[in-house]
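A.B. asks: So here's input-v1.cif, just mmCIF, C-alpha atoms; chains and numbers go by the auth columns:
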data_query
loop_
_atom_site.group_PDB
_atom_site.id
_atom_site.type_symbol
_atom_site.label_atom_id
_atom_site.label_comp_id
_atom_site.label_asym_id
_atom_site.label_seq_id
_atom_site.Cartn_x
_atom_site.Cartn_y
_atom_site.Cartn_z
_atom_site.B_iso_or_equiv
_atom_site.auth_seq_id
_atom_site.auth_asym_id
ATOM 1 C CA MET A 1 -10.943 -10.736 -6.924 0.00 1013 A
ATOM 2 C CA THR A 2 -11.313 -11.467 -10.622 0.00 1014 A
ATOM 3 C CA THR A 3 -12.711 -7.990 -11.254 0.00 1015 A
ATOM 4 C CA LEU A 4 -9.818 -6.392 -9.375 0.00 1016 A
ATOM 5 C CA LEU A 5 -7.231 -8.340 -11.349 0.00 1017 A
ATOM 6 C CA GLU A 6 -8.997 -7.500 -14.626 0.00 1018 A
ATOM 7 C CA GLY A 7 -8.994 -3.815 -13.701 0.00 1019 A
ATOM 8 C CA LEU A 8 -5.306 -3.893 -12.798 0.00 1020 A
ATOM 9 C CA GLY A 9 -4.585 -5.781 -16.003 0.00 1021 A
ATOM 10 C CA SER A 10 -6.151 -3.020 -18.082 0.00 1022 A
ATOM 11 C CA ALA A 11 -4.447 -0.158 -16.205 0.00 1023 A
ATOM 12 C CA PRO A 12 -1.804 1.721 -18.193 0.00 1024 A
ATOM 13 C CA SER A 13 1.815 1.063 -17.312 0.00 1025 A
ATOM 14 C CA GLY A 14 3.077 3.587 -14.782 0.00 1026 A
ATOM 15 C CA ALA A 15 -0.350 4.193 -13.239 0.00 1027 A
ATOM 16 C CA ILE A 16 -0.565 4.771 -9.503 0.00 1028 A
ATOM 17 C CA VAL A 17 -2.974 2.336 -7.840 0.00 1029 A
ATOM 18 C CA LEU A 18 -4.519 3.154 -4.472 0.00 1030 A
ATOM 19 C CA LEU A 19 -4.866 0.079 -2.252 0.00 1031 A
ATOM 20 C CA HIS A 20 -6.089 -0.339 1.315 0.00 1032 A
ATOM 21 C CA ALA A 21 -3.491 -2.230 3.327 0.00 1033 A
ATOM 22 C CA CYS A 22 -6.216 -3.899 5.405 0.00 1034 A
ATOM 23 C CA ALA A 23 -9.796 -3.457 6.603 0.00 1035 A
ATOM 24 C CA HIS A 24 -10.965 -2.405 3.156 0.00 1036 A
ATOM 25 C CA ASN A 25 -13.416 0.436 3.351 0.00 1037 A
ATOM 26 C CA PRO A 26 -16.274 0.262 2.419 0.00 1038 A
ATOM 27 C CA THR A 27 -16.367 -3.449 1.539 0.00 1039 A
ATOM 28 C CA GLY A 28 -14.546 -4.938 4.518 0.00 1040 A
ATOM 29 C CA VAL A 29 -13.286 -7.650 2.168 0.00 1041 A
ATOM 30 C CA ASP A 30 -9.552 -8.191 2.507 0.00 1042 A
ATOM 31 C CA PRO A 31 -7.487 -10.230 0.054 0.00 1043 A
ATOM 32 C CA THR A 32 -5.764 -13.297 1.467 0.00 1044 A
ATOM 33 C CA ILE A 33 -1.963 -13.421 1.473 0.00 1045 A
ATOM 34 C CA ASP A 34 -2.068 -15.541 -1.708 0.00 1046 A
ATOM 35 C CA GLN A 35 -4.373 -12.997 -3.352 0.00 1047 A
ATOM 36 C CA TRP A 36 -2.077 -10.161 -2.288 0.00 1048 A
ATOM 37 C CA ASP A 37 0.765 -12.034 -3.962 0.00 1049 A
ATOM 38 C CA GLN A 38 -1.283 -12.259 -7.188 0.00 1050 A
ATOM 39 C CA ILE A 39 -2.021 -8.540 -6.981 0.00 1051 A
ATOM 40 C CA ARG A 40 1.649 -7.768 -6.327 0.00 1052 A
ATOM 41 C CA ARG A 41 2.928 -9.894 -9.207 0.00 1053 A
ATOM 42 C CA LEU A 42 0.431 -8.404 -11.652 0.00 1054 A
ATOM 43 C CA MET A 43 1.171 -4.844 -10.560 0.00 1055 A
ATOM 44 C CA ARG A 44 4.921 -5.360 -10.812 0.00 1056 A
ATOM 45 C CA SER A 45 4.625 -6.992 -14.241 0.00 1057 A
ATOM 46 C CA LYS A 46 2.546 -4.027 -15.481 0.00 1058 A
ATOM 47 C CA GLY A 47 4.824 -1.390 -13.928 0.00 1059 A
ATOM 48 C CA LEU A 48 2.044 -0.080 -11.664 0.00 1060 A
ATOM 49 C CA LEU A 49 2.958 1.951 -8.581 0.00 1061 A
ATOM 50 C CA PRO A 50 1.221 0.793 -5.385 0.00 1062 A
ATOM 51 C CA PHE A 51 0.029 3.571 -3.069 0.00 1063 A
ATOM 52 C CA PHE A 52 -1.212 2.029 0.161 0.00 1064 A
ATOM 53 C CA ASP A 53 -3.730 3.761 2.399 0.00 1065 A
ATOM 54 C CA SER A 54 -3.202 2.349 5.869 0.00 1066 A
ATOM 55 C CA ALA A 55 -5.841 4.103 7.949 0.00 1067 A
ATOM 56 C CA TYR A 56 -7.115 1.016 9.770 0.00 1068 A
ATOM 57 C CA GLN A 57 -3.915 -0.842 10.613 0.00 1069 A
ATOM 58 C CA GLY A 58 -4.559 -2.952 13.697 0.00 1070 A
ATOM 59 C CA PHE A 59 -8.344 -2.809 13.325 0.00 1071 A
ATOM 60 C CA ASP A 60 -8.657 -5.813 11.022 0.00 1072 A
ATOM 61 C CA SER A 61 -6.731 -8.515 12.856 0.00 1073 A
ATOM 62 C CA GLY A 62 -6.031 -6.740 16.109 0.00 1074 A
ATOM 63 C CA SER A 63 -2.320 -6.741 15.279 0.00 1075 A
ATOM 64 C CA LEU A 64 -0.404 -3.815 13.769 0.00 1076 A
ATOM 65 C CA ASP A 65 2.162 -6.292 12.442 0.00 1077 A
ATOM 66 C CA THR A 66 -0.337 -8.668 10.814 0.00 1078 A
ATOM 67 C CA ASP A 67 -2.248 -5.820 9.173 0.00 1079 A
ATOM 68 C CA ALA A 68 0.957 -4.577 7.521 0.00 1080 A
ATOM 69 C CA LYS A 69 1.726 -7.839 5.687 0.00 1081 A
ATOM 70 C CA SER A 70 0.347 -6.634 2.357 0.00 1082 A
ATOM 71 C CA VAL A 71 2.622 -3.587 2.414 0.00 1083 A
ATOM 72 C CA ARG A 72 5.641 -5.617 3.472 0.00 1084 A
ATOM 73 C CA MET A 73 5.145 -7.977 0.518 0.00 1085 A
ATOM 74 C CA PHE A 74 5.526 -5.081 -1.891 0.00 1086 A
ATOM 75 C CA VAL A 75 8.513 -3.638 -0.021 0.00 1087 A
ATOM 76 C CA ALA A 76 10.265 -7.038 0.102 0.00 1088 A
ATOM 77 C CA ASP A 77 10.319 -7.439 -3.675 0.00 1089 A
ATOM 78 C CA GLY A 78 12.519 -4.360 -4.083 0.00 1090 A
ATOM 79 C CA GLY A 79 10.037 -2.266 -6.025 0.00 1091 A
ATOM 80 C CA GLU A 80 8.772 1.169 -5.217 0.00 1092 A
ATOM 81 C CA VAL A 81 5.885 1.713 -2.806 0.00 1093 A
ATOM 82 C CA LEU A 82 4.058 4.685 -1.323 0.00 1094 A
ATOM 83 C CA VAL A 83 2.347 4.267 2.050 0.00 1095 A
ATOM 84 C CA ALA A 84 0.086 6.828 3.699 0.00 1096 A
ATOM 85 C CA GLN A 85 -0.546 5.977 7.340 0.00 1097 A
ATOM 86 C CA SER A 86 -3.136 7.703 9.465 0.00 1098 A
ATOM 87 C CA TYR A 87 -2.590 7.603 13.194 0.00 1099 A
ATOM 88 C CA ALA A 88 -5.861 9.412 13.924 0.00 1100 A
ATOM 89 C CA LYS A 89 -7.888 6.189 13.973 0.00 1101 A
ATOM 90 C CA ASN A 90 -5.531 3.348 14.772 0.00 1102 A
ATOM 91 C CA MET A 91 -3.437 5.220 17.342 0.00 1103 A
ATOM 92 C CA GLY A 92 -6.316 7.174 18.879 0.00 1104 A
ATOM 93 C CA LEU A 93 -4.914 10.576 17.928 0.00 1105 A
ATOM 94 C CA TYR A 94 -8.122 12.034 16.477 0.00 1106 A
ATOM 95 C CA GLY A 95 -7.479 15.581 17.677 0.00 1107 A
ATOM 96 C CA GLU A 96 -3.947 15.588 16.267 0.00 1108 A
ATOM 97 C CA ARG A 97 -4.714 14.282 12.763 0.00 1109 A
ATOM 98 C CA ASP A 98 -1.265 12.666 12.773 0.00 1110 A
ATOM 99 C CA GLY A 99 0.103 10.467 10.056 0.00 1111 A
ATOM 100 C CA ALA A 100 3.018 9.731 7.788 0.00 1112 A
ATOM 101 C CA LEU A 101 3.865 9.287 4.142 0.00 1113 A
ATOM 102 C CA SER A 102 6.566 6.690 3.542 0.00 1114 A
ATOM 103 C CA ILE A 103 8.134 6.299 0.121 0.00 1115 A
ATOM 104 C CA VAL A 104 10.229 3.244 -0.638 0.00 1116 A
ATOM 105 C CA CYS A 105 12.516 3.761 -3.628 0.00 1117 A
ATOM 106 C CA ARG A 106 14.276 1.085 -5.652 0.00 1118 A
ATOM 107 C CA ASN A 107 17.685 2.817 -5.570 0.00 1119 A
ATOM 108 C CA VAL A 108 19.613 5.866 -4.338 0.00 1120 A
ATOM 109 C CA ASP A 109 19.136 7.799 -7.603 0.00 1121 A
ATOM 110 C CA VAL A 110 15.354 7.513 -7.415 0.00 1122 A
ATOM 111 C CA ALA A 111 15.428 8.363 -3.696 0.00 1123 A
ATOM 112 C CA SER A 112 17.413 11.516 -4.448 0.00 1124 A
ATOM 113 C CA ARG A 113 14.922 12.631 -7.085 0.00 1125 A
ATOM 114 C CA VAL A 114 11.961 11.904 -4.804 0.00 1126 A
ATOM 115 C CA GLU A 115 13.585 13.831 -1.970 0.00 1127 A
ATOM 116 C CA SER A 116 14.147 16.785 -4.310 0.00 1128 A
ATOM 117 C CA GLN A 117 10.480 16.828 -5.263 0.00 1129 A
ATOM 118 C CA LEU A 118 9.357 16.535 -1.648 0.00 1130 A
ATOM 119 C CA ASN A 119 11.602 19.443 -0.652 0.00 1131 A
#
Is it possible to give me this structure as structure tokens?

C.D. replies:
Amino acid sequence: MTTLLEGLGSAPSGAIVLLHACAHNPTGVDPTIDQWDQIRRLMRSKGLLPFFDSAYQGFDSGSLDTDAKSVRMFVADGGEVLVAQSYAKNMGLYGERDGALSIVCRNVDVASRVESQLN
């Protein structure tokens, strides 16, 4: 955890940081809720943009809801968040390669600009 926080602390402001929401691959080591809060506070203080990869939601705890807590912490503080969800693994849709990209914006102006870029 110390190494992760040191790395985040040295990241340039505005950097996008890829995080696994749960079931960290390849380590399998998941931060506790308190550690996620430390990560969140540091990232917000540095102006880092969290980009969650949620390919294994439901595989860690057995609960889709529990495995989304890290993402919800970042959404709840009102900052911006990107979340890529794969449904190929956790929803058993291997042949479909289904998924979603969710982008949480801090206000309507940012949402409008993001929508323009996505279009």

A.B. asks: Expand the PyMOL selection byres ((chain A and resi 1069) around 7) into the explicit residue set it covers here, and present it as a ChimeraX atom specification.

C.D. replies: /A:1034,1066-1068,1070-1072,1076,1079-1080,1102

A.B. asks: Calculated over all atoms listed in the file, which of the candidates A:Lys1101, A:Val1093, A:Ala1088, A:Leu1020 has the smallest distance to Ile1051 of chain A?

C.D. replies: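 Among the listed residues, A:Leu1020 lies closest to Ile1051 of chain A.
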
A.B. asks: From the set A:His1032, A:Gln1047, A:Ser1073, A:Glu1108, which residue has the shortest atom-to-atom contact distance to Met1013 of chain A, counting only C-alpha atoms?

C.D. replies: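 Of A:His1032, A:Gln1047, A:Ser1073, A:Glu1108, the one nearest Met1013 of chain A is A:Gln1047, counting only C-alpha atoms.
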
A.B. asks: Of the candidates A:Val1122, A:Ile1045, A:Gln1050, A:Leu1030, which one gets nearest to Leu1094 of chain A if we count all atoms listed in the file?

C.D. replies: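 Ranking A:Val1122, A:Ile1045, A:Gln1050, A:Leu1030 by distance to Leu1094 of chain A, first place goes to A:Leu1030.
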
A.B. asks: Give the answer as one residue: which of A:Asp1065, A:Arg1118, A:Ala1035, A:Leu1054 has the shortest atom-to-atom distance to Tyr1099 of chain A, using all atoms listed in the file?

C.D. replies: A:Asp1065

A.B. asks: To box segment 1015-1032 of chain A, take all atoms listed in the file, fit an axis-aligned box, add 6 Å on each side, and give centre and edge lengths in Å to one decimal, as AutoDock Vina command-line options.

C.D. replies:
--center_x -4.8 --center_y -1.8 --center_z -8.4 --size_x 27.8 --size_y 25.1 --size_z 31.5

A.B. asks: On this structure, the PyMOL selection byres ((chain A and resi 1089) around 10) would catch which residues? List them as a PyMOL selection string, sorted by chain and number.

C.D. replies: chain A and resi 1052-1053+1056+1084-1088+1090-1092+1118

A.B. asks: Mind pulling up the distance from atom CA of Leu1113 of chain A to atom CA of Ala1100 of chain A?

C.D. replies: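 So the two atoms, atom CA of Ala1100 of chain A and atom CA of Leu1113 of chain A, lie 13.8 Å apart.
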
A.B. asks: How far is it from atom CA of Pro1043 of chain A to atom CA of Ser1082 of chain A, in Å with one decimal?

C.D. replies: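 Here the two named atoms are 8.9 Å from each other.
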
A.B. asks: Exactly which residues make up the result of the PyMOL selection byres ((chain A and resi 1025) around 6) on this file, given as number ranges by chain?

C.D. replies: A: 1024, 1026-1027, 1058-1060

A.B. asks: How many Å lie between atom CA of Ala1033 of chain A and atom CA of Phe1064 of chain A, rounded to one decimal?

C.D. replies: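 Distance between the two atoms: 5.8 Å.
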
A.B. asks: My list of candidates is A:Ser1057, A:Asp1110, A:Val1095, A:Ser1075. Which is closest to Leu1031 of chain A when distances are computed with only C-alpha atoms?

C.D. replies: A:Val1095

A.B. asks: Pick from A:Ile1028, A:Val1126, A:Ala1096, A:Val1083: nearest to Ala1112 of chain A, with all atoms listed in the file counted?

C.D. replies: A:Ala1096

A.B. asks: Extract segment 1021-1068 of chain A from the coordinates I pasted, and write it as a PDB file, in the first residue's frame (atoms kept: N, CA and C atoms).

C.D. replies:
ATOM      1  N   GLY A1021       1.380   9.729  -5.198  1.00  0.00           N
ATOM      2  CA  GLY A1021       1.875  11.024  -4.728  1.00  0.00           C
ATOM      3  C   GLY A1021       2.840  11.683  -5.691  1.00  0.00           C
ATOM      4  N   SER A1022       3.537  10.889  -6.488  1.00  0.00           N
ATOM      5  CA  SER A1022       4.492  11.466  -7.440  1.00  0.00           C
ATOM      6  C   SER A1022       3.898  11.636  -8.845  1.00  0.00           C
ATOM      7  N   ALA A1023       2.655  11.216  -9.034  1.00  0.00           N
ATOM      8  CA  ALA A1023       2.007  11.366 -10.345  1.00  0.00           C
ATOM      9  C   ALA A1023       1.709  12.837 -10.602  1.00  0.00           C
ATOM     10  N   PRO A1024       1.826  13.268 -11.860  1.00  0.00           N
ATOM     11  CA  PRO A1024       1.535  14.668 -12.173  1.00  0.00           C
ATOM     12  C   PRO A1024       0.038  14.962 -12.065  1.00  0.00           C
ATOM     13  N   SER A1025      -0.290  16.136 -11.623  1.00  0.00           N
ATOM     14  CA  SER A1025      -1.680  16.556 -11.532  1.00  0.00           C
ATOM     15  C   SER A1025      -2.352  16.384 -12.894  1.00  0.00           C
ATOM     16  N   GLY A1026      -3.577  15.878 -12.871  1.00  0.00           N
ATOM     17  CA  GLY A1026      -4.309  15.674 -14.114  1.00  0.00           C
ATOM     18  C   GLY A1026      -4.103  14.311 -14.747  1.00  0.00           C
ATOM     19  N   ALA A1027      -3.189  13.514 -14.197  1.00  0.00           N
ATOM     20  CA  ALA A1027      -2.927  12.186 -14.761  1.00  0.00           C
ATOM     21  C   ALA A1027      -4.151  11.287 -14.580  1.00  0.00           C
ATOM     22  N   ILE A1028      -4.336  10.383 -15.524  1.00  0.00           N
ATOM     23  CA  ILE A1028      -5.373   9.375 -15.429  1.00  0.00           C
ATOM     24  C   ILE A1028      -4.744   8.140 -14.799  1.00  0.00           C
ATOM     25  N   VAL A1029      -5.387   7.609 -13.761  1.00  0.00           N
ATOM     26  CA  VAL A1029      -4.851   6.459 -13.037  1.00  0.00           C
ATOM     27  C   VAL A1029      -5.806   5.278 -13.200  1.00  0.00           C
ATOM     28  N   LEU A1030      -5.300   4.189 -13.757  1.00  0.00           N
ATOM     29  CA  LEU A1030      -6.086   2.985 -13.938  1.00  0.00           C
ATOM     30  C   LEU A1030      -6.078   2.176 -12.648  1.00  0.00           C
ATOM     31  N   LEU A1031      -7.264   1.853 -12.155  1.00  0.00           N
ATOM     32  CA  LEU A1031      -7.438   1.100 -10.918  1.00  0.00           C
ATOM     33  C   LEU A1031      -8.361  -0.092 -11.183  1.00  0.00           C
ATOM     34  N   HIS A1032      -8.112  -1.208 -10.541  1.00  0.00           N
ATOM     35  CA  HIS A1032      -9.062  -2.313 -10.586  1.00  0.00           C
ATOM     36  C   HIS A1032     -10.046  -2.104  -9.449  1.00  0.00           C
ATOM     37  N   ALA A1033     -11.326  -2.186  -9.764  1.00  0.00           N
ATOM     38  CA  ALA A1033     -12.356  -1.970  -8.742  1.00  0.00           C
ATOM     39  C   ALA A1033     -12.316  -3.043  -7.668  1.00  0.00           C
ATOM     40  N   CYS A1034     -11.967  -4.263  -8.060  1.00  0.00           N
ATOM     41  CA  CYS A1034     -11.885  -5.390  -7.126  1.00  0.00           C
ATOM     42  C   CYS A1034     -11.154  -6.530  -7.822  1.00  0.00           C
ATOM     43  N   ALA A1035     -10.817  -7.551  -7.059  1.00  0.00           N
ATOM     44  CA  ALA A1035     -10.153  -8.741  -7.600  1.00  0.00           C
ATOM     45  C   ALA A1035      -8.955  -8.359  -8.458  1.00  0.00           C
ATOM     46  N   HIS A1036      -8.050  -7.619  -7.850  1.00  0.00           N
ATOM     47  CA  HIS A1036      -6.893  -7.074  -8.570  1.00  0.00           C
ATOM     48  C   HIS A1036      -6.101  -8.158  -9.283  1.00  0.00           C
ATOM     49  N   ASN A1037      -5.954  -7.960 -10.555  1.00  0.00           N
ATOM     50  CA  ASN A1037      -5.230  -8.875 -11.418  1.00  0.00           C
ATOM     51  C   ASN A1037      -3.881  -8.239 -11.730  1.00  0.00           C
ATOM     52  N   PRO A1038      -2.758  -8.802 -11.524  1.00  0.00           N
ATOM     53  CA  PRO A1038      -2.538 -10.209 -11.225  1.00  0.00           C
ATOM     54  C   PRO A1038      -2.314 -10.496  -9.740  1.00  0.00           C
ATOM     55  N   THR A1039      -2.321  -9.479  -8.884  1.00  0.00           N
ATOM     56  CA  THR A1039      -1.915  -9.711  -7.494  1.00  0.00           C
ATOM     57  C   THR A1039      -2.989 -10.370  -6.650  1.00  0.00           C
ATOM     58  N   GLY A1040      -4.246 -10.088  -6.918  1.00  0.00           N
ATOM     59  CA  GLY A1040      -5.323 -10.595  -6.076  1.00  0.00           C
ATOM     60  C   GLY A1040      -5.419  -9.883  -4.746  1.00  0.00           C
ATOM     61  N   VAL A1041      -4.627  -8.837  -4.562  1.00  0.00           N
ATOM     62  CA  VAL A1041      -4.626  -8.084  -3.306  1.00  0.00           C
ATOM     63  C   VAL A1041      -5.532  -6.868  -3.471  1.00  0.00           C
ATOM     64  N   ASP A1042      -6.600  -6.842  -2.705  1.00  0.00           N
ATOM     65  CA  ASP A1042      -7.542  -5.726  -2.769  1.00  0.00           C
ATOM     66  C   ASP A1042      -7.352  -4.805  -1.575  1.00  0.00           C
ATOM     67  N   PRO A1043      -7.369  -3.491  -1.809  1.00  0.00           N
ATOM     68  CA  PRO A1043      -7.339  -2.566  -0.669  1.00  0.00           C
ATOM     69  C   PRO A1043      -8.598  -2.724   0.182  1.00  0.00           C
ATOM     70  N   THR A1044      -8.451  -2.468   1.470  1.00  0.00           N
ATOM     71  CA  THR A1044      -9.607  -2.427   2.364  1.00  0.00           C
ATOM     72  C   THR A1044     -10.379  -1.138   2.084  1.00  0.00           C
ATOM     73  N   ILE A1045     -11.552  -1.011   2.663  1.00  0.00           N
ATOM     74  CA  ILE A1045     -12.333   0.222   2.493  1.00  0.00           C
ATOM     75  C   ILE A1045     -11.551   1.423   3.014  1.00  0.00           C
ATOM     76  N   ASP A1046     -10.877   1.282   4.154  1.00  0.00           N
ATOM     77  CA  ASP A1046     -10.069   2.386   4.689  1.00  0.00           C
ATOM     78  C   ASP A1046      -8.925   2.744   3.741  1.00  0.00           C
ATOM     79  N   GLN A1047      -8.306   1.728   3.147  1.00  0.00           N
ATOM     80  CA  GLN A1047      -7.231   1.996   2.181  1.00  0.00           C
ATOM     81  C   GLN A1047      -7.779   2.661   0.927  1.00  0.00           C
ATOM     82  N   TRP A1048      -8.953   2.221   0.470  1.00  0.00           N
ATOM     83  CA  TRP A1048      -9.571   2.890  -0.676  1.00  0.00           C
ATOM     84  C   TRP A1048      -9.820   4.361  -0.359  1.00  0.00           C
ATOM     85  N   ASP A1049     -10.230   4.646   0.866  1.00  0.00           N
ATOM     86  CA  ASP A1049     -10.465   6.041   1.239  1.00  0.00           C
ATOM     87  C   ASP A1049      -9.164   6.838   1.202  1.00  0.00           C
ATOM     88  N   GLN A1050      -8.057   6.236   1.641  1.00  0.00           N
ATOM     89  CA  GLN A1050      -6.749   6.911   1.540  1.00  0.00           C
ATOM     90  C   GLN A1050      -6.395   7.177   0.074  1.00  0.00           C
ATOM     91  N   ILE A1051      -6.598   6.182  -0.756  1.00  0.00           N
ATOM     92  CA  ILE A1051      -6.307   6.315  -2.184  1.00  0.00           C
ATOM     93  C   ILE A1051      -7.162   7.437  -2.775  1.00  0.00           C
ATOM     94  N   ARG A1052      -8.448   7.415  -2.447  1.00  0.00           N
ATOM     95  CA  ARG A1052      -9.377   8.426  -2.968  1.00  0.00           C
ATOM     96  C   ARG A1052      -8.968   9.834  -2.541  1.00  0.00           C
ATOM     97  N   ARG A1053      -8.686  10.010  -1.259  1.00  0.00           N
ATOM     98  CA  ARG A1053      -8.313  11.340  -0.772  1.00  0.00           C
ATOM     99  C   ARG A1053      -7.030  11.845  -1.434  1.00  0.00           C
ATOM    100  N   LEU A1054      -6.046  10.975  -1.568  1.00  0.00           N
ATOM    101  CA  LEU A1054      -4.795  11.371  -2.205  1.00  0.00           C
ATOM    102  C   LEU A1054      -5.026  11.724  -3.673  1.00  0.00           C
ATOM    103  N   MET A1055      -5.779  10.895  -4.374  1.00  0.00           N
ATOM    104  CA  MET A1055      -6.031  11.172  -5.790  1.00  0.00           C
ATOM    105  C   MET A1055      -6.790  12.472  -5.976  1.00  0.00           C
ATOM    106  N   ARG A1056      -7.772  12.713  -5.151  1.00  0.00           N
ATOM    107  CA  ARG A1056      -8.545  13.963  -5.263  1.00  0.00           C
ATOM    108  C   ARG A1056      -7.668  15.168  -4.939  1.00  0.00           C
ATOM    109  N   SER A1057      -6.824  15.050  -3.925  1.00  0.00           N
ATOM    110  CA  SER A1057      -5.963  16.179  -3.550  1.00  0.00           C
ATOM    111  C   SER A1057      -4.945  16.499  -4.638  1.00  0.00           C
ATOM    112  N   LYS A1058      -4.548  15.479  -5.404  1.00  0.00           N
ATOM    113  CA  LYS A1058      -3.563  15.665  -6.487  1.00  0.00           C
ATOM    114  C   LYS A1058      -4.227  15.976  -7.827  1.00  0.00           C
ATOM    115  N   GLY A1059      -5.550  15.948  -7.897  1.00  0.00           N
ATOM    116  CA  GLY A1059      -6.235  16.194  -9.157  1.00  0.00           C
ATOM    117  C   GLY A1059      -6.044  15.060 -10.158  1.00  0.00           C
ATOM    118  N   LEU A1060      -5.971  13.819  -9.655  1.00  0.00           N
ATOM    119  CA  LEU A1060      -5.808  12.657 -10.524  1.00  0.00           C
ATOM    120  C   LEU A1060      -7.187  12.117 -10.909  1.00  0.00           C
ATOM    121  N   LEU A1061      -7.314  11.637 -12.129  1.00  0.00           N
ATOM    122  CA  LEU A1061      -8.583  11.127 -12.628  1.00  0.00           C
ATOM    123  C   LEU A1061      -8.613   9.605 -12.512  1.00  0.00           C
ATOM    124  N   PRO A1062      -9.506   9.065 -11.679  1.00  0.00           N
ATOM    125  CA  PRO A1062      -9.592   7.607 -11.549  1.00  0.00           C
ATOM    126  C   PRO A1062     -10.306   6.987 -12.745  1.00  0.00           C
ATOM    127  N   PHE A1063      -9.718   5.937 -13.292  1.00  0.00           N
ATOM    128  CA  PHE A1063     -10.313   5.168 -14.383  1.00  0.00           C
ATOM    129  C   PHE A1063     -10.360   3.722 -13.894  1.00  0.00           C
ATOM    130  N   PHE A1064     -11.541   3.299 -13.475  1.00  0.00           N
ATOM    131  CA  PHE A1064     -11.705   1.963 -12.920  1.00  0.00           C
ATOM    132  C   PHE A1064     -11.928   0.934 -14.019  1.00  0.00           C
ATOM    133  N   ASP A1065     -11.229  -0.181 -13.892  1.00  0.00           N
ATOM    134  CA  ASP A1065     -11.441  -1.366 -14.708  1.00  0.00           C
ATOM    135  C   ASP A1065     -12.201  -2.338 -13.815  1.00  0.00           C
ATOM    136  N   SER A1066     -13.430  -2.629 -14.205  1.00  0.00           N
ATOM    137  CA  SER A1066     -14.265  -3.504 -13.380  1.00  0.00           C
ATOM    138  C   SER A1066     -14.610  -4.773 -14.155  1.00  0.00           C
ATOM    139  N   ALA A1067     -13.604  -5.571 -14.414  1.00  0.00           N
ATOM    140  CA  ALA A1067     -13.803  -6.803 -15.186  1.00  0.00           C
ATOM    141  C   ALA A1067     -14.228  -7.974 -14.314  1.00  0.00           C
ATOM    142  N   TYR A1068     -13.972  -7.902 -13.019  1.00  0.00           N
ATOM    143  CA  TYR A1068     -14.213  -9.051 -12.145  1.00  0.00           C
ATOM    144  C   TYR A1068     -15.244  -8.763 -11.058  1.00  0.00           C
TER     145      TYR A1068
END
